[in-house]
Every structure is written in C-alpha cells, then in structure tokens.
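The file data.cif contains mmCIF, C-alpha atoms:
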```cif
data_input
loop_
_atom_site.group_PDB
_atom_site.id
_atom_site.type_symbol
_atom_site.label_atom_id
_atom_site.label_comp_id
_atom_site.auth_asym_id
_atom_site.auth_seq_id
_atom_site.Cartn_x
_atom_site.Cartn_y
_atom_site.Cartn_z
ATOM 1 C CA MET J 411 23.812 -12.883 208.106
ATOM 2 C CA GLU J 412 27.257 -11.471 207.383
ATOM 3 C CA LYS J 413 25.664 -8.319 205.966
ATOM 4 C CA LEU J 414 23.552 -7.974 209.126
ATOM 5 C CA ASN J 415 26.633 -8.253 211.340
ATOM 6 C CA THR J 416 28.414 -5.649 209.220
ATOM 7 C CA ASN J 417 25.476 -3.260 209.575
ATOM 8 C CA LEU J 418 25.390 -3.809 213.329
ATOM 9 C CA GLU J 419 29.100 -3.012 213.570
ATOM 10 C CA LYS J 420 28.585 0.171 211.555
ATOM 11 C CA ASP J 421 25.758 1.156 213.893
ATOM 12 C CA ARG J 422 27.997 0.581 216.923
ATOM 13 C CA PHE J 423 30.721 2.831 215.515
ATOM 14 C CA GLN J 424 28.208 5.488 214.529
ATOM 15 C CA ASP J 425 26.778 5.439 218.044
ATOM 16 C CA LEU J 426 30.261 5.668 219.573
ATOM 17 C CA THR J 427 31.156 8.591 217.308
ATOM 18 C CA ILE J 428 27.958 10.490 218.082
ATOM 19 C CA LEU J 429 28.176 9.924 221.833
ATOM 20 C CA SER J 430 31.893 10.756 221.901
ATOM 21 C CA VAL J 431 31.257 14.053 220.111
ATOM 22 C CA LEU J 432 28.430 14.908 222.517
ATOM 23 C CA TRP J 433 30.565 14.140 225.571
ATOM 24 C CA LEU J 434 33.504 15.970 224.009
ATOM 25 C CA LEU J 435 31.330 19.077 223.742
ATOM 26 C CA ILE J 436 30.193 18.648 227.355
ATOM 27 C CA TRP J 437 33.760 18.337 228.700
ATOM 28 C CA THR J 438 34.944 21.247 226.558
ATOM 29 C CA CYS J 439 32.115 23.480 227.777
ATOM 30 C CA CYS J 440 32.877 22.537 231.381
ATOM 31 C CA ILE J 441 36.540 23.474 230.997
ATOM 32 C CA TYR J 442 35.695 26.835 229.432
ATOM 33 C CA LEU J 443 32.827 27.697 231.795
ATOM 34 C CA ILE J 444 34.503 26.785 235.103
ATOM 35 C CA PRO J 445 36.877 29.526 236.363
ATOM 36 C CA ALA J 446 40.574 28.644 236.201
ATOM 37 C CA GLY J 447 41.218 30.288 239.578
ATOM 38 C CA SER J 448 44.486 31.731 240.846
ATOM 39 C CA SER J 449 46.360 28.523 240.046
ATOM 40 C CA GLY J 450 45.199 28.600 236.437
ATOM 41 C CA ARG J 451 44.268 24.907 236.689
ATOM 42 C CA ASN J 452 41.186 24.788 238.914
ATOM 43 C CA HIS J 453 38.902 24.216 235.926
ATOM 44 C CA THR J 454 40.822 21.172 234.697
ATOM 45 C CA LEU J 455 41.023 19.715 238.216
ATOM 46 C CA ILE J 456 37.282 20.139 238.776
ATOM 47 C CA VAL J 457 36.440 18.575 235.405
ATOM 48 C CA ASN J 458 38.858 15.731 236.143
ATOM 49 C CA GLY J 459 36.996 15.053 239.377
ATOM 50 C CA ILE J 460 33.616 15.246 237.644
ATOM 51 C CA HIS J 461 34.796 12.758 235.023
ATOM 52 C CA GLY J 462 35.953 10.396 237.773
ATOM 53 C CA GLY J 463 32.485 10.374 239.296
ATOM 54 C CA VAL J 464 30.530 10.234 236.037
ATOM 55 C CA CYS J 465 32.646 7.549 234.405
ATOM 56 C CA THR J 466 32.624 5.341 237.519
ATOM 57 C CA LEU J 467 28.849 5.653 237.881
ATOM 58 C CA VAL J 468 28.182 4.933 234.200
ATOM 59 C CA ALA J 469 30.643 2.003 234.203
ATOM 60 C CA VAL J 470 29.066 0.431 237.307
ATOM 61 C CA CYS J 471 25.562 0.832 235.848
ATOM 62 C CA THR J 472 26.747 -0.638 232.539
ATOM 63 C CA LEU J 473 28.198 -3.689 234.274
ATOM 64 C CA TYR J 474 25.312 -4.183 236.704
ATOM 65 C CA TRP J 475 22.445 -3.769 234.241
ATOM 66 C CA ASN J 476 24.338 -5.139 231.245
ATOM 67 C CA TRP J 477 23.933 -1.960 229.212
ATOM 68 C CA THR J 478 25.688 -1.519 225.899
ATOM 69 C CA THR J 479 29.219 -0.283 226.560
ATOM 70 C CA THR J 480 29.110 2.477 223.938
ATOM 71 C CA ASN J 481 28.160 5.373 226.218
ATOM 72 C CA SER J 482 30.497 4.283 229.001
ATOM 73 C CA ILE J 483 33.470 4.165 226.645
ATOM 74 C CA ALA J 484 32.464 7.448 224.978
ATOM 75 C CA VAL J 485 32.483 9.234 228.358
ATOM 76 C CA THR J 486 36.145 8.471 228.977
ATOM 77 C CA LEU J 487 37.442 8.518 225.397
ATOM 78 C CA SER J 488 36.128 12.039 224.912
ATOM 79 C CA TYR J 489 37.406 13.233 228.290
ATOM 80 C CA PHE J 490 40.922 11.895 227.703
ATOM 81 C CA ILE J 491 41.061 13.641 224.318
ATOM 82 C CA VAL J 492 39.851 16.974 225.745
ATOM 83 C CA ASP J 493 42.141 16.801 228.776
ATOM 84 C CA LEU J 494 45.098 15.720 226.643
ATOM 85 C CA LEU J 495 44.641 18.772 224.428
ATOM 86 C CA ALA J 496 44.282 20.987 227.517
ATOM 87 C CA MET J 497 47.504 19.537 228.935
ATOM 88 C CA ILE J 498 49.381 20.173 225.684
ATOM 89 C CA GLN J 499 48.040 23.724 225.553
ATOM 90 C CA SER J 500 49.092 24.331 229.163
ATOM 91 C CA ASP J 501 52.535 22.705 228.981
ATOM 92 C CA GLY J 502 53.475 23.659 225.431
ATOM 93 C CA ILE J 503 54.196 20.894 222.961
ATOM 94 C CA LYS J 504 57.918 21.761 222.853
ATOM 95 C CA ASN J 505 58.225 21.392 226.629
ATOM 96 C CA ILE J 506 56.631 17.959 226.990
ATOM 97 C CA VAL J 507 59.925 16.049 226.966
ATOM 98 C CA LYS J 508 61.229 18.327 229.758
ATOM 99 C CA LEU J 509 58.296 17.721 232.109
ATOM 100 C CA ARG J 510 58.601 15.964 235.462
ATOM 101 C CA LEU J 511 58.003 12.214 235.557
ATOM 102 C CA SER J 512 54.558 12.410 237.179
ATOM 103 C CA ARG J 513 53.306 14.704 234.408
ATOM 104 C CA LEU J 514 54.690 12.416 231.696
ATOM 105 C CA MET J 515 52.879 9.543 233.400
ATOM 106 C CA ASP J 516 49.640 11.514 233.038
ATOM 107 C CA TYR J 517 50.289 11.808 229.300
ATOM 108 C CA LEU J 518 50.995 8.074 229.044
ATOM 109 C CA HIS J 519 47.834 7.261 231.001
ATOM 110 C CA HIS J 520 45.657 9.371 228.701
ATOM 111 C CA ILE J 521 47.226 8.027 225.501
ATOM 112 C CA LEU J 522 46.836 4.433 226.686
ATOM 113 C CA GLY J 523 43.259 5.225 227.687
ATOM 114 C CA VAL J 524 42.368 6.438 224.201
ATOM 115 C CA VAL J 525 44.199 3.654 222.352
ATOM 116 C CA TRP J 526 42.858 0.806 224.472
ATOM 117 C CA GLY J 527 39.365 2.267 224.612
ATOM 118 C CA ILE J 528 39.179 2.110 220.823
ATOM 119 C CA ILE J 529 40.821 -1.329 220.565
ATOM 120 C CA PHE J 530 38.632 -2.895 223.247
ATOM 121 C CA PHE J 531 35.530 -1.427 221.625
ATOM 122 C CA ILE J 532 36.479 -2.792 218.200
ATOM 123 C CA GLN J 533 37.349 -6.243 219.573
ATOM 124 C CA GLU J 534 34.713 -6.283 222.300
ATOM 125 C CA ASN J 535 33.073 -9.517 221.185
ATOM 126 C CA SER J 536 36.307 -11.491 220.870
ATOM 127 C CA ILE J 537 38.631 -10.329 223.674
ATOM 128 C CA CYS J 538 36.861 -11.806 226.703
ATOM 129 C CA ASP J 539 34.053 -14.193 227.593
ATOM 130 C CA SER J 540 30.605 -12.654 227.332
ATOM 131 C CA THR J 541 30.134 -13.096 231.098
ATOM 132 C CA LEU J 542 32.951 -10.601 231.711
ATOM 133 C CA GLY J 543 32.149 -8.107 228.983
ATOM 134 C CA ASN J 544 34.431 -5.283 227.907
ATOM 135 C CA PRO J 545 37.531 -5.053 230.168
ATOM 136 C CA TYR J 546 37.810 -1.320 229.500
ATOM 137 C CA VAL J 547 34.559 -0.692 231.366
ATOM 138 C CA TRP J 548 35.872 -2.648 234.346
ATOM 139 C CA MET J 549 39.030 -0.528 234.352
ATOM 140 C CA GLN J 550 36.935 2.646 234.251
ATOM 141 C CA THR J 551 35.807 1.910 237.808
ATOM 142 C CA ASN J 552 39.379 2.731 238.897
ATOM 143 C CA GLU J 553 38.584 6.389 238.253
ATOM 144 C CA ILE J 554 36.610 6.684 241.514
ATOM 145 C CA SER J 555 39.825 7.752 243.261
ATOM 146 C CA THR J 556 40.228 10.816 241.030
ATOM 147 C CA ILE J 557 37.303 12.487 242.815
ATOM 148 C CA PHE J 558 39.326 12.619 246.029
ATOM 149 C CA TYR J 559 42.574 13.344 244.174
ATOM 150 C CA ASN J 560 41.199 16.544 242.720
ATOM 151 C CA TRP J 561 39.552 17.499 246.009
ATOM 152 C CA PHE J 562 43.004 17.194 247.585
ATOM 153 C CA ARG J 563 44.655 19.172 244.776
ATOM 154 C CA LEU J 564 42.098 21.962 245.112
ATOM 155 C CA THR J 565 42.029 22.234 248.922
ATOM 156 C CA ASN J 566 45.158 20.505 250.262
ATOM 157 C CA SER J 567 42.820 18.915 252.802
ATOM 158 C CA ASN J 568 44.195 16.147 255.032
ATOM 159 C CA VAL J 569 40.834 14.367 254.859
ATOM 160 C CA ALA J 570 40.913 14.454 251.060
ATOM 161 C CA ALA J 571 44.496 13.151 251.088
ATOM 162 C CA VAL J 572 43.559 10.154 253.240
ATOM 163 C CA LEU J 573 40.433 9.413 251.194
ATOM 164 C CA PHE J 574 42.417 9.669 247.974
ATOM 165 C CA ALA J 575 45.183 7.341 249.146
ATOM 166 C CA SER J 576 42.742 4.786 250.567
ATOM 167 C CA SER J 577 40.406 4.849 247.542
ATOM 168 C CA PHE J 578 43.367 4.593 245.167
ATOM 169 C CA PHE J 579 44.720 1.615 247.112
ATOM 170 C CA CYS J 580 41.339 -0.139 247.175
ATOM 171 C CA SER J 581 40.264 0.553 243.589
ATOM 172 C CA ARG J 582 43.558 0.405 241.701
ATOM 173 C CA ILE J 583 45.784 -1.885 243.737
ATOM 174 C CA VAL J 584 43.587 -4.327 245.672
ATOM 175 C CA PHE J 585 40.709 -4.522 243.166
ATOM 176 C CA ASN J 586 42.979 -4.786 240.126
ATOM 177 C CA THR J 587 45.432 -7.240 241.677
ATOM 178 C CA LEU J 588 42.999 -9.566 243.431
ATOM 179 C CA TYR J 589 40.004 -9.386 241.098
ATOM 180 C CA LEU J 590 40.518 -7.813 237.680
ATOM 181 C CA VAL J 591 43.843 -9.326 236.646
ATOM 182 C CA PRO J 592 42.883 -12.896 237.720
ATOM 183 C CA ARG J 593 39.572 -12.593 235.855
ATOM 184 C CA PHE J 594 41.296 -11.205 232.773
ATOM 185 C CA LEU J 595 43.791 -14.071 232.877
ATOM 186 C CA GLY J 596 41.020 -16.645 233.121
ATOM 187 C CA GLU J 597 38.418 -15.175 230.778
ATOM 188 C CA CYS J 598 40.275 -13.058 228.195
ATOM 189 C CA ASP J 599 42.828 -13.417 225.432
ATOM 190 C CA VAL J 600 46.002 -12.993 227.507
ATOM 191 C CA ARG J 601 47.789 -11.199 224.661
ATOM 192 C CA TYR J 602 45.616 -8.170 225.340
ATOM 193 C CA LEU J 603 46.317 -8.403 229.058
ATOM 194 C CA TYR J 604 50.064 -8.410 228.453
ATOM 195 C CA ALA J 605 49.670 -5.394 226.190
ATOM 196 C CA CYS J 606 47.760 -3.638 228.997
ATOM 197 C CA MET J 607 50.536 -4.188 231.534
ATOM 198 C CA PRO J 608 51.794 -0.561 231.227
ATOM 199 C CA PHE J 609 48.392 0.556 232.535
ATOM 200 C CA PHE J 610 48.620 -1.670 235.611
ATOM 201 C CA VAL J 611 52.288 -0.815 236.194
ATOM 202 C CA LEU J 612 51.324 2.874 236.162
ATOM 203 C CA GLN J 613 48.923 2.258 239.042
ATOM 204 C CA TYR J 614 51.641 0.680 241.213
ATOM 205 C CA ALA J 615 54.128 3.428 240.369
ATOM 206 C CA TRP J 616 51.556 6.107 241.149
ATOM 207 C CA PHE J 617 50.709 4.481 244.475
ATOM 208 C CA VAL J 618 54.356 4.533 245.568
ATOM 209 C CA MET J 619 54.543 8.220 244.632
ATOM 210 C CA ILE J 620 51.294 8.951 246.490
ATOM 211 C CA VAL J 621 52.489 7.271 249.688
ATOM 212 C CA ARG J 622 55.765 9.171 249.565
ATOM 213 C CA LYS J 623 54.038 12.504 249.003
ATOM 214 C CA ILE J 624 51.480 12.030 251.776
ATOM 215 C CA THR J 625 54.176 10.811 254.175
ATOM 216 C CA ARG J 626 56.220 13.938 253.462
ATOM 217 C CA MET J 627 53.145 16.139 253.848
ATOM 218 C CA PHE J 628 52.176 14.772 257.265
ATOM 219 C CA GLY J 629 55.823 14.731 258.365
ATOM 220 C CA PHE J 630 56.153 18.407 257.458
ATOM 221 C CA GLN J 631 52.969 19.257 259.369
ATOM 222 C CA ARG J 632 54.201 17.450 262.498
ATOM 223 C CA ARG J 633 57.540 19.251 262.363
ATOM 224 C CA LYS J 634 55.729 22.556 261.922
ATOM 225 C CA GLN J 635 53.554 21.883 264.983
ATOM 226 C CA ASN J 636 56.578 20.934 267.093
#
```

As structure tokens, please, write out the structure in this file.
Amino acid sequence: MEKLNTNLEKDRFQDLTILSVLWLLIWTCCIYLIPAGSSGRNHTLIVNGIHGGVCTLVAVCTLYWNWTTTNSIAVTLSYFIVDLLAMIQSDGIKNIVKLRLSRLMDYLHHILGVVWGIIFFIQENSICDSTLGNPYVWMQTNEISTIFYNWFRLTNSNVAAVLFASSFFCSRIVFNTLYLVPRFLGECDVRYLYACMPFFVLQYAWFVMIVRKITRMFGFQRRKQN
C-alpha cells in the first residue's frame, strides 16, 4: 500500500512537470509572437490578461467538476515563472531594488505564487478537508480581475478601469474576506493560512492603490473638461 501511494505521488509530480513545461512553452511562445508595441510591454500585458482568463476558467472547472488540480496549478506556476523572467529581463536584475513599490509588489506576488503553488500541491491531501480541495486553486479565481486590468493598461479606457476596480473588489476583497478566509480557517491547517497572509495583505494594499489611481484619473479628466 505504501509503495502504491509512493508511485501515485511520483505520477502526480511527473504530470505536474510535464504540464508545467507544456504551459511554459505556450506562454513563452505567446510573449515572443505577440508584438511588443510602442510601449515595449504590450505583449506581456496581453499574455497577462490571457492568463487571467485561462487560469480562472480552468480553476472554476476544476472546482466544479472535481478535476485533478495538476493542470490548474501548472497553468499558473508556468506563467508566473515566464512572466518573472520577462520582468527581470525588462527591469534589469541590478535595478530591482530601485523599482517603485507597485513593481516590487508584482515580484512578491509572483514569487509567492510559485512557492505556494508548489507547497500546496505537495501537501494537497493534508492541508485542507477533502470537501474544500486545494486552496491554491480557489485563490486562482482571483485572477479574473487581471483581464480588465490589462485591458485598462492597454487602452486607458474608463470602462475598463471601472470593470477592473469592481472585479478586483468582488473577487479579491469581498470573496476572499467573506468566503475564502473563513473557509480556510474552518477547514484547513491554520498554519498554512497564516503563512499565506502576505498574499491576502497584497490584495488589500493593491486595492487601496487602485482606488487612489482611479480617483486621480477621473479627477484629472473632470478638471480637463472644466
């Protein structure tokens, strides 16, 4: 029995490795095939938005139909690695410590995403009750807001700004605070939840920054019209 469990674990890791490599190739091809545009960052913004849609869809399907979590986790693990490398290439590794706070928060978000994706996959059967499943997949649903974020970044559209702020508030503030965190507290080993607090704190900090930016943007537009 123990040998069978060991073989099953090996199969899980092999599947995760294979799927992660496949998705890594997909994200890399997307970044290189999509034009960078005049800003030099259009390709990364578009791929970021695509990942937000794909990862949310796969995560929701995984939770609803009780699929194995391997593919869902591979989607985001591979994307975070590719985007992290693209960020380092764009910023320059020597300049990272000099970057603005919001950019450093992006780095922290990606690093936490990779680390906790691996940890939650390894400990999947012991972290939470089986009725909840892997908490990482639940947190992947937060990425729905990045679709509108990148639309806003690419077009500076007021509609995109409102949709981004509202979807971020609903998916990362309301959903996390009123549903995810209480469920994690009741159905998971709370030590892991405490260790994940930087992830949740990031969401609140980002939301404050988003509100400030959108308020300034609409205030500037009103002054310009007057």

Residues within 7 Å of (56.9, 7.9, 238.6), file coords, only C-alpha atoms, listed as a PyMOL selection string: chain J and resi 511-512+515+615-616+619

Serialized selection, C-alpha atoms, as a compact mmCIF listing (two decimals), keeping the file's coordinate frame:
```
# COMPACT_ATOMS: atom_id res chain seq x y z
CA LEU J 511 58.00 12.21 235.56
CA SER J 512 54.56 12.41 237.18
CA MET J 515 52.88 9.54 233.40
CA ALA J 615 54.13 3.43 240.37
CA TRP J 616 51.56 6.11 241.15
CA MET J 619 54.54 8.22 244.63
```

Exercise: Trp526 of chain J partners within 10 Å, all atoms listed in the file, chain neighbours under 2 positions left out, as a ChimeraX atom specification: /J:487,520-524,528-532,545-546,602,605-606,609

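Proximity of J:Tyr589, J:Phe594, J:Phe562, J:Trp437 to Leu542 of chain J, computed with all atoms listed in the file, is greatest for J:Phe594.
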
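With all atoms listed in the file as the basis for measurement, J:Val572 is the residue among J:Cys440, J:Cys598, J:Ala446, J:Val572 that approaches Phe628 of chain J most closely.
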
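Counting from atom CA of Met497 of chain J, the distance to atom CA of Leu573 of chain J is 25.5 Å.
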
Using the chain letters and numbering of this document, enumerate as an mmCIF file with C-alpha atoms, in the coordinates of the input the residues selected by the PyMOL selection byres ((chain J and resi 474-485) around 9).
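Ended up saving to out_35.cif:
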```
data_model
loop_
_atom_site.group_PDB
_atom_site.id
_atom_site.type_symbol
_atom_site.label_atom_id
_atom_site.label_comp_id
_atom_site.auth_asym_id
_atom_site.auth_seq_id
_atom_site.Cartn_x
_atom_site.Cartn_y
_atom_site.Cartn_z
ATOM 1 C CA ARG J 422 27.997 0.581 216.923
ATOM 2 C CA PHE J 423 30.721 2.831 215.515
ATOM 3 C CA ASP J 425 26.778 5.439 218.044
ATOM 4 C CA LEU J 426 30.261 5.668 219.573
ATOM 5 C CA THR J 427 31.156 8.591 217.308
ATOM 6 C CA ILE J 428 27.958 10.490 218.082
ATOM 7 C CA LEU J 429 28.176 9.924 221.833
ATOM 8 C CA SER J 430 31.893 10.756 221.901
ATOM 9 C CA VAL J 431 31.257 14.053 220.111
ATOM 10 C CA LEU J 432 28.430 14.908 222.517
ATOM 11 C CA TRP J 433 30.565 14.140 225.571
ATOM 12 C CA LEU J 434 33.504 15.970 224.009
ATOM 13 C CA HIS J 461 34.796 12.758 235.023
ATOM 14 C CA VAL J 464 30.530 10.234 236.037
ATOM 15 C CA CYS J 465 32.646 7.549 234.405
ATOM 16 C CA THR J 466 32.624 5.341 237.519
ATOM 17 C CA VAL J 468 28.182 4.933 234.200
ATOM 18 C CA ALA J 469 30.643 2.003 234.203
ATOM 19 C CA VAL J 470 29.066 0.431 237.307
ATOM 20 C CA CYS J 471 25.562 0.832 235.848
ATOM 21 C CA THR J 472 26.747 -0.638 232.539
ATOM 22 C CA LEU J 473 28.198 -3.689 234.274
ATOM 23 C CA THR J 486 36.145 8.471 228.977
ATOM 24 C CA LEU J 487 37.442 8.518 225.397
ATOM 25 C CA SER J 488 36.128 12.039 224.912
ATOM 26 C CA TYR J 489 37.406 13.233 228.290
ATOM 27 C CA PHE J 490 40.922 11.895 227.703
ATOM 28 C CA GLY J 527 39.365 2.267 224.612
ATOM 29 C CA ILE J 528 39.179 2.110 220.823
ATOM 30 C CA PHE J 531 35.530 -1.427 221.625
ATOM 31 C CA GLY J 543 32.149 -8.107 228.983
ATOM 32 C CA ASN J 544 34.431 -5.283 227.907
ATOM 33 C CA TYR J 546 37.810 -1.320 229.500
ATOM 34 C CA VAL J 547 34.559 -0.692 231.366
ATOM 35 C CA GLN J 550 36.935 2.646 234.251
#
```

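Distances here use all atoms listed in the file; by that measure, the residue among J:Asn505, J:Thr438, J:Ser449, J:Ser540 closest to Asp493 of chain J is J:Thr438.
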
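Among the candidates J:Ile554, J:Gly459, J:Arg593, J:Met607, the residue lying nearest to Ser581 of chain J is J:Ile554 (atoms considered: all atoms listed in the file).
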
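Among the candidates J:Ala575, J:Leu590, J:Ile583, J:Leu603, the one nearest to Ile620 of chain J when counting only C-alpha atoms is J:Ala575.
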
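Closest approach to Val618 of chain J from the set J:Phe579, J:Ile503, J:Arg513, J:Gln533 is made by J:Phe579, with distances taken over all atoms listed in the file.
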